[in-house]
$ cat final_36.cif   # mmCIF, C-alpha atoms and all ligand atoms
data_model
#
loop_
_atom_site.group_PDB
_atom_site.id
_atom_site.type_symbol
_atom_site.label_atom_id
_atom_site.label_comp_id
_atom_site.auth_asym_id
_atom_site.auth_seq_id
_atom_site.Cartn_x
_atom_site.Cartn_y
_atom_site.Cartn_z
ATOM 1 C CA MET M 1 56.111 -75.672 97.102
ATOM 2 C CA SER M 2 57.718 -72.320 97.382
ATOM 3 C CA THR M 3 55.848 -69.858 99.531
ATOM 4 C CA VAL M 4 57.048 -66.943 97.443
ATOM 5 C CA ILE M 5 54.932 -65.352 94.744
ATOM 6 C CA PRO M 6 57.254 -64.816 91.762
ATOM 7 C CA VAL M 7 58.019 -61.194 90.967
ATOM 8 C CA PRO M 8 60.550 -59.907 88.430
ATOM 9 C CA ASP M 9 63.871 -58.585 89.688
ATOM 10 C CA ASN M 10 63.753 -54.906 90.427
ATOM 11 C CA TRP M 11 59.974 -54.716 90.106
ATOM 12 C CA GLN M 12 59.513 -51.584 92.224
ATOM 13 C CA PRO M 13 60.350 -48.974 89.530
ATOM 14 C CA LEU M 14 58.067 -50.791 87.119
ATOM 15 C CA PHE M 15 55.308 -50.726 89.672
ATOM 16 C CA SER M 16 55.871 -46.995 90.213
ATOM 17 C CA SER M 17 55.536 -46.362 86.485
ATOM 18 C CA TRP M 18 52.198 -48.235 86.440
ATOM 19 C CA ASP M 19 51.041 -46.271 89.443
ATOM 20 C CA ALA M 20 51.950 -42.983 87.753
ATOM 21 C CA LEU M 21 50.073 -44.016 84.635
ATOM 22 C CA ARG M 22 47.086 -44.983 86.751
ATOM 23 C CA HIS M 23 47.062 -41.450 88.073
ATOM 24 C CA GLY M 24 47.326 -39.909 84.632
ATOM 25 C CA TYR M 25 51.087 -39.375 84.356
ATOM 26 C CA GLY M 26 53.817 -41.326 82.660
ATOM 27 C CA GLY M 27 55.749 -41.267 79.407
ATOM 28 C CA ASP M 28 54.823 -43.585 76.563
ATOM 29 C CA GLN M 29 51.641 -44.985 78.045
ATOM 30 C CA ASP M 30 50.814 -47.333 75.195
ATOM 31 C CA GLU M 31 54.314 -48.801 75.300
ATOM 32 C CA THR M 32 54.013 -49.373 79.056
ATOM 33 C CA VAL M 33 50.679 -51.141 78.603
ATOM 34 C CA SER M 34 51.836 -53.177 75.602
ATOM 35 C CA ASP M 35 54.992 -54.239 77.407
ATOM 36 C CA CYS M 36 52.989 -55.486 80.389
ATOM 37 C CA ALA M 37 50.574 -57.341 78.066
ATOM 38 C CA ARG M 38 53.512 -58.958 76.228
ATOM 39 C CA ARG M 39 55.125 -60.134 79.432
ATOM 40 C CA LEU M 40 51.840 -61.508 80.713
ATOM 41 C CA ASP M 41 51.403 -63.339 77.424
ATOM 42 C CA THR M 42 54.811 -64.961 77.926
ATOM 43 C CA ALA M 43 54.054 -65.826 81.564
ATOM 44 C CA VAL M 44 50.692 -67.415 80.828
ATOM 45 C CA ALA M 45 52.330 -69.836 78.423
ATOM 46 C CA GLY M 46 55.416 -70.267 80.557
ATOM 47 C CA ALA M 47 56.628 -72.107 83.613
ATOM 48 C CA GLU M 48 55.010 -72.228 87.015
ATOM 49 C CA ASP M 49 57.539 -69.814 88.446
ATOM 50 C CA ASP M 50 56.839 -67.120 85.856
ATOM 51 C CA PRO M 51 55.338 -64.008 87.491
ATOM 52 C CA LEU M 52 51.824 -64.582 86.138
ATOM 53 C CA LEU M 53 50.055 -62.909 89.042
ATOM 54 C CA PHE M 54 52.428 -59.949 89.000
ATOM 55 C CA TRP M 55 51.810 -59.088 85.346
ATOM 56 C CA THR M 56 48.069 -59.695 85.784
ATOM 57 C CA LEU M 57 48.054 -57.168 88.622
ATOM 58 C CA GLY M 58 49.974 -54.830 86.298
ATOM 59 C CA LEU M 59 47.229 -54.914 83.699
ATOM 60 C CA LEU M 60 44.660 -54.475 86.458
ATOM 61 C CA MET M 61 46.476 -51.274 87.451
ATOM 62 C CA LEU M 62 46.630 -50.133 83.838
ATOM 63 C CA ALA M 63 43.011 -51.052 83.027
ATOM 64 C CA PRO M 64 41.554 -47.598 83.857
ATOM 65 C CA TYR M 65 43.892 -45.990 81.316
ATOM 66 C CA VAL M 66 42.963 -48.580 78.702
ATOM 67 C CA ALA M 67 39.266 -48.119 79.468
ATOM 68 C CA PHE M 68 39.060 -44.341 79.836
ATOM 69 C CA GLY M 69 42.289 -42.911 78.401
ATOM 70 C CA LYS M 70 42.906 -42.877 74.710
ATOM 71 C CA PRO M 71 45.065 -45.906 73.933
ATOM 72 C CA GLY M 72 46.324 -46.222 70.373
ATOM 73 C CA PRO M 73 44.957 -48.692 67.848
ATOM 74 C CA GLY M 74 45.142 -52.323 68.882
ATOM 75 C CA VAL M 75 46.243 -51.742 72.483
ATOM 76 C CA GLU M 76 42.906 -52.547 74.102
ATOM 77 C CA GLU M 77 42.443 -55.642 71.899
ATOM 78 C CA LYS M 78 45.858 -56.952 72.963
ATOM 79 C CA VAL M 79 45.091 -56.379 76.637
ATOM 80 C CA VAL M 80 41.666 -58.025 76.455
ATOM 81 C CA ALA M 81 43.030 -61.034 74.566
ATOM 82 C CA VAL M 82 45.737 -61.807 77.096
ATOM 83 C CA LEU M 83 43.459 -61.187 80.094
ATOM 84 C CA ARG M 84 40.997 -63.658 78.622
ATOM 85 C CA ARG M 85 43.732 -66.278 78.351
ATOM 86 C CA VAL M 86 44.570 -65.786 82.021
ATOM 87 C CA ALA M 87 40.907 -65.770 83.095
ATOM 88 C CA ARG M 88 40.254 -69.014 81.241
ATOM 89 C CA GLY M 89 42.998 -70.626 83.348
ATOM 90 C CA ASP M 90 40.304 -70.954 86.003
ATOM 91 C CA ASP M 91 38.230 -73.285 83.811
ATOM 92 C CA GLY M 92 37.498 -76.519 85.588
ATOM 93 C CA MET M 93 39.738 -75.593 88.511
ATOM 94 C CA ALA M 94 38.583 -76.255 92.056
ATOM 95 C CA CYS M 95 40.117 -75.440 95.415
ATOM 96 C CA ALA M 96 39.153 -75.617 99.054
ATOM 97 C CA HIS M 97 39.085 -71.853 99.577
ATOM 98 C CA GLY M 98 35.850 -69.957 100.160
ATOM 99 C CA TRP M 99 37.472 -66.632 99.430
ATOM 100 C CA HIS M 100 40.392 -65.169 97.396
ATOM 101 C CA PRO M 101 42.124 -61.771 97.442
ATOM 102 C CA TYR M 102 40.505 -60.711 94.142
ATOM 103 C CA GLU M 103 37.258 -60.311 96.080
ATOM 104 C CA VAL M 104 38.644 -57.229 97.818
ATOM 105 C CA ASP M 105 37.658 -53.942 96.166
ATOM 106 C CA VAL M 106 40.150 -53.322 93.352
ATOM 107 C CA ASP M 107 41.119 -49.824 94.444
ATOM 108 C CA ASP M 108 41.767 -51.008 97.985
ATOM 109 C CA VAL M 109 43.930 -53.881 96.753
ATOM 110 C CA LEU M 110 45.991 -51.623 94.533
ATOM 111 C CA GLU M 111 46.501 -49.088 97.279
ATOM 112 C CA THR M 112 48.283 -51.536 99.566
ATOM 113 C CA LEU M 113 49.751 -53.681 96.819
ATOM 114 C CA PRO M 114 53.340 -52.398 96.896
ATOM 115 C CA ALA M 115 53.587 -53.193 100.615
ATOM 116 C CA ASP M 116 51.816 -56.526 100.141
ATOM 117 C CA LEU M 117 54.150 -57.477 97.300
ATOM 118 C CA GLU M 118 57.145 -56.801 99.496
ATOM 119 C CA VAL M 119 55.882 -59.620 101.673
ATOM 120 C CA LEU M 120 54.457 -61.862 98.965
ATOM 121 C CA GLY M 121 57.561 -61.712 96.798
ATOM 122 C CA SER M 122 60.245 -62.044 99.417
ATOM 123 C CA PRO M 123 61.214 -65.117 101.436
ATOM 124 C CA VAL M 124 63.020 -62.819 103.852
ATOM 125 C CA ASN M 125 59.849 -60.912 104.642
ATOM 126 C CA GLN M 126 57.836 -64.054 105.092
ATOM 127 C CA VAL M 127 58.583 -65.121 108.588
ATOM 128 C CA LEU M 128 55.561 -67.333 108.460
ATOM 129 C CA ASP M 129 54.924 -67.619 112.170
ATOM 130 C CA ASP M 130 54.711 -63.862 112.450
ATOM 131 C CA LEU M 131 52.857 -63.177 109.239
ATOM 132 C CA LEU M 132 49.707 -61.177 109.999
ATOM 133 C CA PRO M 133 46.565 -60.755 107.884
ATOM 134 C CA GLU M 134 47.178 -57.009 107.683
ATOM 135 C CA ASP M 135 50.576 -57.709 106.067
ATOM 136 C CA LEU M 136 48.694 -59.138 103.083
ATOM 137 C CA LEU M 137 45.395 -57.275 102.890
ATOM 138 C CA PRO M 138 44.227 -53.684 103.432
ATOM 139 C CA GLU M 139 43.683 -53.203 107.138
ATOM 140 C CA HIS M 140 40.434 -51.287 106.729
ATOM 141 C CA TYR M 141 39.073 -54.091 104.568
ATOM 142 C CA LEU M 142 39.758 -56.525 107.396
ATOM 143 C CA ASP M 143 38.279 -54.128 109.964
ATOM 144 C CA ALA M 144 35.091 -53.776 107.938
ATOM 145 C CA LEU M 145 34.401 -57.507 107.694
ATOM 146 C CA GLU M 146 31.083 -58.110 109.348
ATOM 147 C CA ASP M 147 31.207 -61.863 109.615
ATOM 148 C CA GLU M 148 34.399 -62.859 111.344
ATOM 149 C CA GLU M 149 33.426 -66.504 111.269
ATOM 150 C CA ALA M 150 33.641 -66.588 107.479
ATOM 151 C CA GLU M 151 36.703 -66.263 105.242
ATOM 152 C CA PRO M 152 38.783 -64.166 105.327
ATOM 153 C CA GLY M 153 37.816 -62.893 108.800
ATOM 154 C CA ASN M 154 38.850 -66.164 110.420
ATOM 155 C CA LEU M 155 42.078 -66.665 108.470
ATOM 156 C CA SER M 156 45.633 -66.364 109.767
ATOM 157 C CA GLY M 157 48.392 -64.636 107.814
ATOM 158 C CA PRO M 158 49.797 -67.898 106.384
ATOM 159 C CA GLU M 159 46.285 -68.964 105.360
ATOM 160 C CA ILE M 160 45.759 -65.692 103.509
ATOM 161 C CA LEU M 161 49.166 -66.190 101.882
ATOM 162 C CA ALA M 162 47.944 -69.582 100.640
ATOM 163 C CA ARG M 163 44.991 -67.856 98.962
ATOM 164 C CA TRP M 164 47.297 -65.362 97.257
ATOM 165 C CA GLN M 165 49.268 -68.353 95.975
ATOM 166 C CA CYS M 166 46.196 -70.255 94.813
ATOM 167 C CA PRO M 167 46.264 -70.779 91.011
ATOM 168 C CA ARG M 168 42.743 -69.321 90.882
ATOM 169 C CA THR M 169 43.891 -65.917 92.147
ATOM 170 C CA ALA M 170 45.462 -64.614 88.906
ATOM 171 C CA PRO M 171 42.377 -65.636 86.839
ATOM 172 C CA GLY M 172 40.185 -63.817 89.386
ATOM 173 C CA PHE M 173 42.187 -60.606 89.044
ATOM 174 C CA ALA M 174 42.102 -61.014 85.258
ATOM 175 C CA ARG M 175 38.288 -61.146 85.434
ATOM 176 C CA ALA M 176 38.312 -57.996 87.568
ATOM 177 C CA ALA M 177 40.426 -56.238 84.912
ATOM 178 C CA LEU M 178 38.111 -57.448 82.135
ATOM 179 C CA ASP M 179 35.167 -56.056 84.111
ATOM 180 C CA TYR M 180 36.909 -52.698 84.140
ATOM 181 C CA LEU M 181 37.195 -52.886 80.379
ATOM 182 C CA GLY M 182 33.567 -53.901 79.965
ATOM 183 C CA ALA M 183 34.749 -57.156 78.387
ATOM 184 C CA THR M 184 33.601 -60.676 79.116
ATOM 185 C CA VAL M 185 35.857 -63.676 79.703
ATOM 186 C CA ARG M 186 34.816 -65.100 76.307
HETATM 187 ZN ZN ZN A 201 41.812 -71.153 96.033
#

$ encode --input "final_36.cif" --output "structure tokens" --more "lines below"
Ligand SMILES: [Zn+2]
Amino acid sequence: MSTVIPVPDNWQPLFSSWDALRHGYGGDQDETVSDCARRLDTAVAGAEDDPLLFWTLGLLMLAPYVAFGKPGPGVEEKVVAVLRRVARGDDGMACAHGWHPYEVDVDDVLETLPADLEVLGSPVNQVLDDLLPEDLLPEHYLDALEDEEAEPGNLSGPEILARWQCPRTAPGFARAALDYLGATVR
């Protein structure tokens, strides 16, 4: 299995536009949101190497605008519908992990996400033997962990990478985005 989390080519400008929108700037906000929802819709029905997690994180970034801005008619419904499809991907799924990255506070995750994605999305940046937990998670989140015996306090960089790659991670972030929107999974 590839160790790389799929990201679209040239994702950085896209990410910057989401970040601007998150902070209240940006051009056609509804078009940006709808485009992300459309691409997530394609990825959720698509192949394993489609950037499902990437577009899910996009809608997570855009969720505050959808929740508290003034999106046009139908935008919120579209976003909620596709997030529910992703969240339901967790149905009946089990894994051996006690913890996943979606359990980190959303704002903390998003703050370090561009740097984390550089590592997650690039085989060149993943020199696995040297991969450190702080390459993949906010450092102050790791510092604040009280129980270092429990996940993720006791995990190595490659083990945290495995949790990013877990098929339950995108559904978890989709649930976090639905929470933002005051919507349930069903
Ligand atoms: Zn897992």

$ atom_distance --input "final_36.cif" --atom1 "atom CA of Arg84 of chain M" --atom2 "atom CA of Asp28 of chain M"
24.5 Å

$ closest_residue --input "final_36.cif" --among "M:Thr112, M:Leu178, M:Glu149, M:Glu31" --to "Pro71 of chain M" --atoms "only C-alpha atoms"
M:Glu31

$ residues_near_point --input "final_36.cif" --point "(41.5, -58.8, 87.5)" --cutoff "8 Å" --atoms "all atoms listed in the file" --output "list in words"
Thr56, Leu57, Leu59, Leu60, Tyr102, Ala170, Pro171, Gly172, Phe173, Ala174, Arg175, Ala176, Ala177, Leu178 and Asp179 of chain M

$ write_last_selection --input "final_36.cif" --atoms "C-alpha atoms" --output "mmCIF file, in the frame of the given file"
data_model
loop_
_atom_site.group_PDB
_atom_site.id
_atom_site.type_symbol
_atom_site.label_atom_id
_atom_site.label_comp_id
_atom_site.auth_asym_id
_atom_site.auth_seq_id
_atom_site.Cartn_x
_atom_site.Cartn_y
_atom_site.Cartn_z
ATOM 1 C CA THR M 56 48.069 -59.695 85.784
ATOM 2 C CA LEU M 57 48.054 -57.168 88.622
ATOM 3 C CA LEU M 59 47.229 -54.914 83.699
ATOM 4 C CA LEU M 60 44.660 -54.475 86.458
ATOM 5 C CA TYR M 102 40.505 -60.711 94.142
ATOM 6 C CA ALA M 170 45.462 -64.614 88.906
ATOM 7 C CA PRO M 171 42.377 -65.636 86.839
ATOM 8 C CA GLY M 172 40.185 -63.817 89.386
ATOM 9 C CA PHE M 173 42.187 -60.606 89.044
ATOM 10 C CA ALA M 174 42.102 -61.014 85.258
ATOM 11 C CA ARG M 175 38.288 -61.146 85.434
ATOM 12 C CA ALA M 176 38.312 -57.996 87.568
ATOM 13 C CA ALA M 177 40.426 -56.238 84.912
ATOM 14 C CA LEU M 178 38.111 -57.448 82.135
ATOM 15 C CA ASP M 179 35.167 -56.056 84.111
#

$ residues_around --input "final_36.cif" --residues "His23 of chain M" --least-positions-apart "2" --cutoff "10 Å" --atoms "only C-alpha atoms" --output "list in words"
Ser17, Trp18, Asp19, Ala20, Leu21, Tyr25, Gly26, Met61, Leu62, Pro64 and Tyr65 of chain M

$ atom_distance --input "final_36.cif" --atom1 "atom CA of Lys78 of chain M" --atom2 "atom CA of Leu53 of chain M"
17.7 Å

$ resolve_selection --input "final_36.cif" --expression "the PyMOL selection byres (((not hetatm)) within 7 of (chain A and resi 201))" --output "list in words"
Cys95, Ala96, His97, His100, Arg163, Cys166, Pro167, Arg168 and Thr169 of chain M

$ write_last_selection --input "final_36.cif" --atoms "C-alpha atoms" --output "PDB file, keeping the file's coordinate frame"
ATOM      1  CA  CYS M  95      40.117 -75.440  95.415  1.00  0.00           C
ATOM      2  CA  ALA M  96      39.153 -75.617  99.054  1.00  0.00           C
ATOM      3  CA  HIS M  97      39.085 -71.853  99.577  1.00  0.00           C
ATOM      4  CA  HIS M 100      40.392 -65.169  97.396  1.00  0.00           C
ATOM      5  CA  ARG M 163      44.991 -67.856  98.962  1.00  0.00           C
ATOM      6  CA  CYS M 166      46.196 -70.255  94.813  1.00  0.00           C
ATOM      7  CA  PRO M 167      46.264 -70.779  91.011  1.00  0.00           C
ATOM      8  CA  ARG M 168      42.743 -69.321  90.882  1.00  0.00           C
ATOM      9  CA  THR M 169      43.891 -65.917  92.147  1.00  0.00           C
TER      10      THR M 169
END

$ atom_distance --input "final_36.cif" --atom1 "atom CA of Asn10 of chain M" --atom2 "atom CA of Gln29 of chain M"
20.0 Å

$ residues_around --input "final_36.cif" --residues "segment 132-148 of chain M" --least-positions-apart "6" --cutoff "12 Å" --atoms "all atoms listed in the file" --output "ChimeraX atom specification"
/M:100-121,125-126,154-165

$ decode --input "final_36.cif" --residues "segment 9-40 of chain M" --atoms "C-alpha atoms" --output "compact mmCIF listing (two decimals), in the first residue's frame"
# COMPACT_ATOMS: atom_id res chain seq x y z
CA ASP M 9 -1.77 18.33 -8.25
CA ASN M 10 -1.03 21.90 -7.33
CA TRP M 11 -3.20 21.79 -4.21
CA GLN M 12 -1.48 24.65 -2.38
CA PRO M 13 -3.27 27.58 -4.12
CA LEU M 14 -6.58 25.82 -3.57
CA PHE M 15 -5.76 25.40 0.07
CA SER M 16 -4.85 29.09 0.32
CA SER M 17 -8.21 30.06 -1.17
CA TRP M 18 -10.01 27.92 1.45
CA ASP M 19 -7.92 29.47 4.18
CA ALA M 20 -8.78 32.98 2.96
CA LEU M 21 -12.46 32.10 2.90
CA ARG M 22 -12.18 30.68 6.40
CA HIS M 23 -10.90 34.05 7.51
CA GLY M 24 -13.67 35.94 5.77
CA TYR M 25 -11.99 36.82 2.46
CA GLY M 26 -12.16 35.28 -0.97
CA GLY M 27 -13.99 35.82 -4.23
CA ASP M 28 -17.01 33.73 -5.13
CA GLN M 29 -17.39 31.92 -1.83
CA ASP M 30 -20.37 29.80 -2.82
CA GLU M 31 -18.58 28.63 -5.96
CA THR M 32 -15.51 27.67 -3.91
CA VAL M 33 -17.66 25.68 -1.48
CA SER M 34 -19.75 24.05 -4.22
CA ASP M 35 -16.65 23.09 -6.17
CA CYS M 36 -15.14 21.39 -3.12
CA ALA M 37 -18.44 19.58 -2.42
CA ARG M 38 -18.61 18.40 -6.06
CA ARG M 39 -15.09 17.06 -6.00
CA LEU M 40 -15.69 15.29 -2.71
